[in-house]
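Coordinates as given in run.pdb (PDB, C-alpha atoms):
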MODEL        1
ATOM      1  CA  MET B  24     186.411  80.374 151.957
ATOM      2  CA  ASN B  25     185.812  83.201 149.536
ATOM      3  CA  ASP B  26     188.993  84.965 150.564
ATOM      4  CA  GLU B  27     191.098  82.063 149.401
ATOM      5  CA  ARG B  28     189.647  81.878 145.927
ATOM      6  CA  LEU B  29     191.951  82.385 143.001
ATOM      7  CA  GLY B  30     190.647  85.258 140.900
ATOM      8  CA  PHE B  31     191.228  86.905 137.548
ATOM      9  CA  HIS B  32     189.895  90.363 136.701
ATOM     10  CA  PHE B  33     189.385  91.810 133.224
ATOM     11  CA  ASP B  34     188.086  95.091 131.849
ATOM     12  CA  VAL B  35     186.033  94.497 128.712
ATOM     13  CA  ASP B  36     186.546  97.313 126.202
ATOM     14  CA  GLY B  37     183.161  98.349 124.897
ATOM     15  CA  THR B  38     184.440 100.421 122.022
ATOM     16  CA  ASN B  39     186.264  97.709 120.127
ATOM     17  CA  PHE B  40     184.198  94.788 118.964
ATOM     18  CA  THR B  41     187.174  93.128 117.312
ATOM     19  CA  SER B  42     189.054  92.797 120.583
ATOM     20  CA  ALA B  43     186.167  91.039 122.310
ATOM     21  CA  GLY B  44     187.201  87.583 123.340
ATOM     22  CA  GLN B  45     190.604  88.547 124.676
ATOM     23  CA  ALA B  46     189.522  88.016 128.287
ATOM     24  CA  SER B  47     188.003  84.612 127.471
ATOM     25  CA  VAL B  48     191.113  83.433 125.660
ATOM     26  CA  GLU B  49     193.225  84.670 128.572
ATOM     27  CA  VAL B  50     191.012  82.833 131.070
ATOM     28  CA  LYS B  51     191.279  79.684 128.995
ATOM     29  CA  LYS B  52     195.059  79.914 129.167
ATOM     30  CA  ASN B  53     195.086  80.627 132.909
ATOM     31  CA  LEU B  54     192.725  77.760 133.740
ATOM     32  CA  ARG B  55     194.806  75.385 131.640
ATOM     33  CA  GLN B  56     197.921  76.433 133.520
ATOM     34  CA  ILE B  57     196.381  75.600 136.883
ATOM     35  CA  GLY B  58     195.280  72.176 135.669
ATOM     36  CA  ILE B  59     191.512  72.568 135.211
ATOM     37  CA  SER B  60     190.042  69.868 132.926
ATOM     38  CA  PRO B  61     189.537  70.721 129.221
ATOM     39  CA  GLU B  62     185.768  70.153 129.415
ATOM     40  CA  ILE B  63     185.358  72.648 132.286
ATOM     41  CA  ILE B  64     187.624  75.133 130.505
ATOM     42  CA  ARG B  65     185.542  74.827 127.332
ATOM     43  CA  LYS B  66     182.303  75.530 129.214
ATOM     44  CA  VAL B  67     183.736  78.471 131.151
ATOM     45  CA  SER B  68     185.422  80.107 128.179
ATOM     46  CA  ILE B  69     182.411  79.775 125.851
ATOM     47  CA  ALA B  70     180.008  81.169 128.466
ATOM     48  CA  MET B  71     182.389  84.000 129.210
ATOM     49  CA  TYR B  72     182.958  84.846 125.557
ATOM     50  CA  GLU B  73     179.227  85.108 124.944
ATOM     51  CA  GLY B  74     179.008  87.415 127.952
ATOM     52  CA  GLU B  75     181.875  89.524 126.682
ATOM     53  CA  ILE B  76     180.266  89.856 123.266
ATOM     54  CA  ASN B  77     176.974  90.850 124.894
ATOM     55  CA  MET B  78     178.655  93.537 126.967
ATOM     56  CA  VAL B  79     180.341  94.965 123.873
ATOM     57  CA  ILE B  80     177.194  94.880 121.721
ATOM     58  CA  HIS B  81     174.701  96.140 124.270
ATOM     59  CA  ALA B  82     176.391  97.765 127.233
ATOM     60  CA  GLY B  83     179.498  99.628 126.075
ATOM     61  CA  GLY B  84     181.755  97.189 127.898
ATOM     62  CA  GLY B  85     182.062  96.194 131.530
ATOM     63  CA  THR B  86     184.101  93.953 133.779
ATOM     64  CA  ALA B  87     184.606  90.208 134.012
ATOM     65  CA  ASP B  88     185.808  88.402 137.125
ATOM     66  CA  VAL B  89     186.587  84.722 137.230
ATOM     67  CA  TYR B  90     187.069  82.911 140.550
ATOM     68  CA  VAL B  91     188.309  79.379 141.015
ATOM     69  CA  SER B  92     187.308  77.656 144.242
ATOM     70  CA  GLU B  93     187.430  74.065 145.478
ATOM     71  CA  ASN B  94     184.297  72.918 143.714
ATOM     72  CA  CYS B  95     183.589  75.377 140.903
ATOM     73  CA  VAL B  96     184.619  78.174 138.577
ATOM     74  CA  GLU B  97     182.506  81.305 139.030
ATOM     75  CA  ILE B  98     182.214  84.017 136.370
ATOM     76  CA  VAL B  99     180.828  87.432 137.300
ATOM     77  CA  LEU B 100     180.057  89.859 134.461
ATOM     78  CA  ARG B 101     179.093  93.434 135.349
ATOM     79  CA  ASP B 102     178.082  96.277 133.117
ATOM     80  CA  GLU B 103     176.453  99.668 133.390
ATOM     81  CA  GLY B 104     174.444  99.311 130.206
ATOM     82  CA  PRO B 105     170.720  99.766 129.571
ATOM     83  CA  GLY B 106     169.662  96.592 131.383
ATOM     84  CA  ILE B 107     167.546  93.758 129.949
ATOM     85  CA  ALA B 108     163.894  94.734 129.509
ATOM     86  CA  ASN B 109     162.485  91.213 129.394
ATOM     87  CA  VAL B 110     164.773  88.491 130.715
ATOM     88  CA  ASP B 111     162.435  85.618 129.744
ATOM     89  CA  LEU B 112     162.378  86.839 126.161
ATOM     90  CA  ALA B 113     166.133  87.398 126.099
ATOM     91  CA  MET B 114     166.643  83.808 127.242
ATOM     92  CA  GLN B 115     164.803  82.445 124.209
ATOM     93  CA  GLU B 116     167.009  81.172 121.403
ATOM     94  CA  GLY B 117     166.683  83.416 118.370
ATOM     95  CA  PHE B 118     165.500  86.539 120.201
ATOM     96  CA  SER B 119     167.919  89.392 119.596
ATOM     97  CA  THR B 120     168.044  93.166 119.775
ATOM     98  CA  ALA B 121     171.493  93.358 118.157
ATOM     99  CA  PRO B 122     171.925  95.746 115.205
ATOM    100  CA  ASP B 123     172.572  94.564 111.634
ATOM    101  CA  ASN B 124     176.271  95.429 111.605
ATOM    102  CA  ILE B 125     176.762  92.970 114.461
ATOM    103  CA  ARG B 126     174.868  90.290 112.569
ATOM    104  CA  SER B 127     177.140  90.702 109.568
ATOM    105  CA  LEU B 128     180.036  89.722 111.832
ATOM    106  CA  GLY B 129     178.383  86.423 112.706
ATOM    107  CA  PHE B 130     176.824  87.423 116.026
ATOM    108  CA  GLY B 131     173.451  88.760 117.113
ATOM    109  CA  ALA B 132     171.597  85.522 116.416
ATOM    110  CA  GLY B 133     169.950  85.420 119.822
ATOM    111  CA  MET B 134     172.213  82.619 121.049
ATOM    112  CA  GLY B 135     174.242  84.512 123.642
ATOM    113  CA  LEU B 136     172.277  84.141 126.865
ATOM    114  CA  PRO B 137     170.941  80.661 125.919
ATOM    115  CA  ASN B 138     174.520  79.486 125.291
ATOM    116  CA  MET B 139     175.629  80.947 128.616
ATOM    117  CA  LYS B 140     172.903  78.983 130.374
ATOM    118  CA  ARG B 141     173.608  75.822 128.392
ATOM    119  CA  TYR B 142     177.291  75.810 129.241
ATOM    120  CA  THR B 143     177.040  76.585 132.925
ATOM    121  CA  ASP B 144     175.442  74.757 135.843
ATOM    122  CA  GLU B 145     174.055  77.880 137.517
ATOM    123  CA  MET B 146     173.237  81.269 136.085
ATOM    124  CA  LYS B 147     171.774  84.289 137.842
ATOM    125  CA  ILE B 148     170.789  87.499 136.044
ATOM    126  CA  GLU B 149     170.364  90.709 138.026
ATOM    127  CA  THR B 150     169.336  93.585 135.815
ATOM    128  CA  GLN B 151     167.894  97.046 136.241
ATOM    129  CA  LEU B 152     166.713  99.185 133.348
ATOM    130  CA  GLY B 153     168.973 102.186 132.891
ATOM    131  CA  LYS B 154     171.407 100.952 135.546
ATOM    132  CA  GLY B 155     173.053  97.799 134.229
ATOM    133  CA  THR B 156     173.295  94.055 134.481
ATOM    134  CA  CYS B 157     175.220  91.586 136.608
ATOM    135  CA  ILE B 158     175.365  87.962 135.511
ATOM    136  CA  THR B 159     176.834  85.304 137.794
ATOM    137  CA  MET B 160     177.533  81.863 136.370
ATOM    138  CA  ARG B 161     179.015  78.772 137.973
ATOM    139  CA  VAL B 162     180.488  75.642 136.442
ATOM    140  CA  PHE B 163     181.000  72.847 138.987
ATOM    141  CA  PHE B 164     183.859  70.334 138.833
TER     142      PHE B 164
ATOM    143  CA  MET E  16     195.585  63.144 109.527
ATOM    144  CA  ASN E  17     197.533  66.197 110.595
ATOM    145  CA  VAL E  18     196.690  69.665 109.326
ATOM    146  CA  ARG E  19     199.885  70.061 107.301
ATOM    147  CA  ASP E  20     199.166  66.888 105.276
ATOM    148  CA  LEU E  21     195.526  67.852 104.925
ATOM    149  CA  ALA E  22     196.464  71.233 103.462
ATOM    150  CA  GLU E  23     198.745  69.510 100.983
ATOM    151  CA  LYS E  24     196.236  66.827  99.928
ATOM    152  CA  LEU E  25     193.431  69.329  99.363
ATOM    153  CA  GLU E  26     195.759  71.996  97.957
ATOM    154  CA  LEU E  27     194.561  74.504 100.510
ATOM    155  CA  THR E  28     196.138  77.932 100.904
ATOM    156  CA  ALA E  29     198.060  78.052 104.173
ATOM    157  CA  PHE E  30     197.336  81.517 105.612
ATOM    158  CA  ALA E  31     198.767  80.515 108.988
ATOM    159  CA  LEU E  32     200.051  77.142 110.170
ATOM    160  CA  PRO E  33     201.378  77.661 113.703
ATOM    161  CA  ASP E  34     200.224  74.196 114.837
ATOM    162  CA  ALA E  35     200.643  72.121 111.656
ATOM    163  CA  ASP E  36     201.117  68.806 113.464
ATOM    164  CA  ARG E  37     197.661  69.025 115.049
ATOM    165  CA  THR E  38     195.499  66.010 114.160
ATOM    166  CA  ALA E  39     192.130  66.789 112.562
ATOM    167  CA  GLU E  40     189.102  64.577 113.056
ATOM    168  CA  GLY E  41     185.678  65.360 111.676
ATOM    169  CA  VAL E  42     184.258  68.490 110.088
ATOM    170  CA  TYR E  43     181.934  71.289 111.205
ATOM    171  CA  ILE E  44     180.436  73.856 108.812
ATOM    172  CA  GLY E  45     178.900  77.113 110.038
ATOM    173  CA  ASP E  46     179.053  80.899 109.870
ATOM    174  CA  LEU E  47     177.027  81.894 112.901
ATOM    175  CA  LEU E  48     179.761  82.249 115.480
ATOM    176  CA  SER E  49     177.671  81.602 118.597
ATOM    177  CA  TRP E  50     176.247  78.514 116.989
ATOM    178  CA  VAL E  51     179.682  77.242 115.969
ATOM    179  CA  MET E  52     181.113  77.916 119.398
ATOM    180  CA  GLY E  53     178.373  75.882 121.015
ATOM    181  CA  ARG E  54     178.521  72.942 118.659
ATOM    182  CA  ALA E  55     181.886  72.492 116.935
ATOM    183  CA  GLN E  56     183.927  69.820 118.661
ATOM    184  CA  SER E  57     187.545  69.918 119.720
ATOM    185  CA  GLY E  58     189.846  68.689 116.917
ATOM    186  CA  GLN E  59     187.403  69.216 114.061
ATOM    187  CA  VAL E  60     188.021  71.087 110.808
ATOM    188  CA  TRP E  61     185.797  74.174 110.805
ATOM    189  CA  ILE E  62     184.703  75.445 107.370
ATOM    190  CA  THR E  63     183.314  78.985 107.197
ATOM    191  CA  ILE E  64     183.023  82.053 104.993
ATOM    192  CA  MET E  65     183.457  84.390 107.986
ATOM    193  CA  SER E  66     186.899  85.957 108.110
ATOM    194  CA  ASN E  67     186.731  88.644 110.789
ATOM    195  CA  ILE E  68     188.947  88.613 113.861
ATOM    196  CA  ASN E  69     186.273  86.944 116.009
ATOM    197  CA  VAL E  70     186.762  83.751 113.988
ATOM    198  CA  ILE E  71     190.170  83.393 115.622
ATOM    199  CA  ALA E  72     188.698  83.731 119.124
ATOM    200  CA  VAL E  73     185.920  81.235 118.354
ATOM    201  CA  ALA E  74     188.413  78.774 116.842
ATOM    202  CA  SER E  75     190.553  79.094 119.949
ATOM    203  CA  LEU E  76     187.681  78.670 122.406
ATOM    204  CA  SER E  77     186.113  75.725 120.594
ATOM    205  CA  ASP E  78     189.591  74.209 120.123
ATOM    206  CA  VAL E  79     189.134  73.179 116.482
ATOM    207  CA  ALA E  80     192.166  71.711 114.664
ATOM    208  CA  CYS E  81     191.991  74.281 111.884
ATOM    209  CA  VAL E  82     189.752  76.800 110.128
ATOM    210  CA  VAL E  83     189.180  76.533 106.369
ATOM    211  CA  LEU E  84     187.917  79.723 104.721
ATOM    212  CA  ALA E  85     185.723  78.691 101.791
ATOM    213  CA  GLU E  86     184.807  80.372  98.499
ATOM    214  CA  GLY E  87     188.052  82.289  98.108
ATOM    215  CA  VAL E  88     187.508  84.436 101.198
ATOM    216  CA  THR E  89     190.627  86.458 102.003
ATOM    217  CA  VAL E  90     191.994  87.630 105.346
ATOM    218  CA  GLU E  91     193.624  90.798 106.598
ATOM    219  CA  GLU E  92     197.165  90.797 107.873
ATOM    220  CA  SER E  93     196.043  91.544 111.453
ATOM    221  CA  ILE E  94     193.985  88.351 111.443
ATOM    222  CA  LEU E  95     196.946  86.278 110.281
ATOM    223  CA  GLU E  96     198.970  87.756 113.115
ATOM    224  CA  ALA E  97     196.253  86.854 115.621
ATOM    225  CA  ALA E  98     196.071  83.299 114.215
ATOM    226  CA  ASN E  99     199.811  82.842 114.573
ATOM    227  CA  GLN E 100     199.825  84.335 118.067
ATOM    228  CA  ARG E 101     197.032  82.115 119.291
ATOM    229  CA  GLY E 102     198.184  78.955 117.543
ATOM    230  CA  ILE E 103     195.238  78.755 115.149
ATOM    231  CA  ASN E 104     195.763  76.985 111.814
ATOM    232  CA  LEU E 105     194.083  79.081 109.126
ATOM    233  CA  LEU E 106     193.621  77.651 105.620
ATOM    234  CA  GLY E 107     191.727  78.721 102.525
ATOM    235  CA  SER E 108     190.103  77.319  99.400
ATOM    236  CA  ASN E 109     188.270  78.716  96.378
ATOM    237  CA  LYS E 110     185.732  75.902  96.594
ATOM    238  CA  PRO E 111     182.392  76.077  98.391
ATOM    239  CA  ALA E 112     181.983  74.499 101.838
ATOM    240  CA  TYR E 113     180.158  71.431 100.531
ATOM    241  CA  GLU E 114     182.915  70.510  98.074
ATOM    242  CA  ILE E 115     185.629  71.055 100.670
ATOM    243  CA  ALA E 116     183.734  68.826 103.115
ATOM    244  CA  LEU E 117     183.361  66.105 100.478
ATOM    245  CA  GLU E 118     187.105  66.084  99.893
ATOM    246  CA  LEU E 119     187.822  66.189 103.618
ATOM    247  CA  SER E 120     185.626  63.144 104.175
ATOM    248  CA  ARG E 121     188.296  60.990 102.503
ATOM    249  CA  PHE E 122     190.892  61.946 105.102
ATOM    250  CA  VAL E 123     189.350  62.953 108.419
TER     251      VAL E 123
ENDMDL
END

When written as structure tokens, how does the structure in this file appear?
Amino acid sequence: MNDERLGFHFDVDGTNFTSAGQASVEVKKNLRQIGISPEIIRKVSIAMYEGEINMVIHAGGGTADVYVSENCVEIVLRDEGPGIANVDLAMQEGFSTAPDNIRSLGFGAGMGLPNMKRYTDEMKIETQLGKGTCITMRVFF
Amino acid sequence: MNVRDLAEKLELTAFALPDADRTAEGVYIGDLLSWVMGRAQSGQVWITIMSNINVIAVASLSDVACVVLAEGVTVEESILEAANQRGINLLGSNKPAYEIALELSRFV
């Protein structure tokens, strides 16, 4: 039952790149407290962190919701950014539209979306140019 | 070997040691944070030249035993605070990553 899912909501600040990751670290802590296995926590927190970083780099921030149900952890990332022009291209490792200043911080290598797919069991991207993007990922127990 | 002993043996600078009893096993070297996050294993020593605040988040998410900043890289006070808050052991060395890894190979 969706209504009975445990949920955590976070606003991702799009103006402060250095604070990106706070939601993921918080989720990691929360999932540990409710007894989720370390391997599941690792997958969820890495996928979510990549999503957070993407929202900060490309979309000026957004929201992250994490739901825990009987058989999976679901992560929903929403932003009102420019949208993804070519999802197939964006899913390729090494493809990136991130600016140089982001690269100098160790990101922008075109690993974000591929890592999110690698670390989750299901990933759905809904995107509209000029409107925004919603990414739903699930990691099953 | 635990991180405290490792720091002593290799004469590493201890920027932050909030979890000094943590056991370290194995080494990962990398500066591309997404790459590190996807591949470093829990409990490893992570050697990098990156020293921005995101290193602390990546170290936390990938659950490494400690971070060793190579080549004399320094850190800002705010990063030390974040490391202490999040329980991340942060060490430093003037040596390059390869030499640090060679020395580490005797202990972890």

- Task: Name the residues within 6 Å of (172.3, 82.0, 115.3), counting only C-alpha atoms in the file's coordinates, and put them as a PyMOL selection string.
- Result: (chain B and resi 132+134) or (chain E and resi 47+50)

Axis-aligned box for region 33-38 of chain B, 4 Å per side, centre and edges in Å as lines of an AutoDock Vina configuration file:
center_x = 186.3
center_y = 96.1
center_z = 127.6
size_x = 14.2
size_y = 16.6
size_z = 19.2

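Contacts from chain B to chain E at a cut-off of 9 Å (all atoms listed in the file) map to Phe40, Thr41, Ser42, Ala43, Gly44, Gln45, Ser47, Val48, Lys51, Ile64, Arg65, Ser68, Ile69, Tyr72, Glu73, Arg126, Leu128, Gly129, Phe130, Gly131, Ala132, Gly133, Met134, Gly135, Asn138, Arg141 and Tyr142 of chain B.
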
- E:Arg54, E:Phe30, E:Gln59, E:Arg37 ranked by distance to Glu91 (chain E), top pick (using only C-alpha atoms): E:Phe30

- Residues at most 9 Å from region 18-27 of chain E, counting only C-alpha atoms, excluding those fewer than 3 positions away in the same chain, as a count of residues only? 21

- All residues 6 Å or closer to Gly84 (chain B), all atoms listed in the file, same chain fewer than 2 positions away omitted, as a ChimeraX atom specification: /B:35-37,78-79,82

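Minimum distance to Gly87 (chain E) across E:Gly58, E:Gly41, E:Pro111, E:Gly102 (counting only C-alpha atoms) occurs at E:Pro111.
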
- In Å, how far is it from CA of Phe164 (chain B) to CA of Asp34 (chain B)? 26.1 Å

Add whatever atoms are absent from region 73-102 of chain B to reach N, CA and C atoms, and provide the output as a compact mmCIF listing (two decimals), in the frame of the given file.
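Result went into selection.txt, see below:
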# COMPACT_ATOMS: atom_id res chain seq x y z
N GLU B 73 180.56 84.62 125.29
CA GLU B 73 179.23 85.11 124.94
C GLU B 73 178.89 86.34 125.79
N GLY B 74 179.26 86.28 127.05
CA GLY B 74 179.01 87.42 127.95
C GLY B 74 179.78 88.64 127.53
N GLU B 75 181.03 88.41 127.16
CA GLU B 75 181.88 89.52 126.68
C GLU B 75 181.25 90.19 125.45
N ILE B 76 180.86 89.34 124.51
CA ILE B 76 180.27 89.86 123.27
C ILE B 76 179.01 90.67 123.59
N ASN B 77 178.19 90.14 124.49
CA ASN B 77 176.97 90.85 124.89
C ASN B 77 177.29 92.22 125.48
N MET B 78 178.30 92.26 126.33
CA MET B 78 178.66 93.54 126.97
C MET B 78 179.13 94.55 125.93
N VAL B 79 179.85 94.06 124.91
CA VAL B 79 180.34 94.96 123.87
C VAL B 79 179.18 95.46 122.99
N ILE B 80 178.30 94.51 122.61
CA ILE B 80 177.19 94.88 121.72
C ILE B 80 176.21 95.82 122.41
N HIS B 81 175.85 95.47 123.65
CA HIS B 81 174.70 96.14 124.27
C HIS B 81 175.04 97.16 125.36
N ALA B 82 176.19 97.00 126.00
CA ALA B 82 176.39 97.76 127.23
C ALA B 82 177.60 98.69 127.23
N GLY B 83 178.31 98.76 126.10
CA GLY B 83 179.50 99.63 126.08
C GLY B 83 180.63 99.11 126.95
N GLY B 84 180.67 97.79 127.12
CA GLY B 84 181.76 97.19 127.90
C GLY B 84 181.36 96.92 129.34
N GLY B 85 182.33 96.51 130.12
CA GLY B 85 182.06 96.19 131.53
C GLY B 85 183.26 95.50 132.13
N THR B 86 183.00 94.68 133.16
CA THR B 86 184.10 93.95 133.78
C THR B 86 183.76 92.47 133.85
N ALA B 87 184.78 91.65 133.87
CA ALA B 87 184.61 90.21 134.01
C ALA B 87 185.54 89.73 135.11
N ASP B 88 184.99 89.00 136.08
CA ASP B 88 185.81 88.40 137.12
C ASP B 88 185.59 86.90 137.12
N VAL B 89 186.67 86.19 137.20
CA VAL B 89 186.59 84.72 137.23
C VAL B 89 187.26 84.24 138.51
N TYR B 90 186.54 83.43 139.29
CA TYR B 90 187.07 82.91 140.55
C TYR B 90 187.11 81.39 140.50
N VAL B 91 188.20 80.84 140.96
CA VAL B 91 188.31 79.38 141.01
C VAL B 91 188.31 78.96 142.48
N SER B 92 187.33 78.15 142.87
CA SER B 92 187.31 77.66 144.24
C SER B 92 187.42 76.14 144.22
N GLU B 93 187.23 75.52 145.38
CA GLU B 93 187.43 74.06 145.48
C GLU B 93 186.51 73.27 144.57
N ASN B 94 185.26 73.75 144.45
CA ASN B 94 184.30 72.92 143.71
C ASN B 94 183.75 73.54 142.43
N CYS B 95 184.14 74.79 142.13
CA CYS B 95 183.59 75.38 140.90
C CYS B 95 184.43 76.54 140.38
N VAL B 96 184.11 76.92 139.14
CA VAL B 96 184.62 78.17 138.58
C VAL B 96 183.43 79.12 138.51
N GLU B 97 183.59 80.32 139.05
CA GLU B 97 182.51 81.31 139.03
C GLU B 97 182.91 82.47 138.13
N ILE B 98 181.97 82.89 137.28
CA ILE B 98 182.21 84.02 136.37
C ILE B 98 181.22 85.11 136.74
N VAL B 99 181.72 86.31 136.99
CA VAL B 99 180.83 87.43 137.30
C VAL B 99 181.05 88.53 136.26
N LEU B 100 179.98 88.83 135.51
CA LEU B 100 180.06 89.86 134.46
C LEU B 100 179.21 91.05 134.88
N ARG B 101 179.83 92.23 134.93
CA ARG B 101 179.09 93.43 135.35
C ARG B 101 179.18 94.50 134.27
N ASP B 102 178.03 95.14 134.03
CA ASP B 102 178.08 96.28 133.12
C ASP B 102 177.15 97.37 133.62
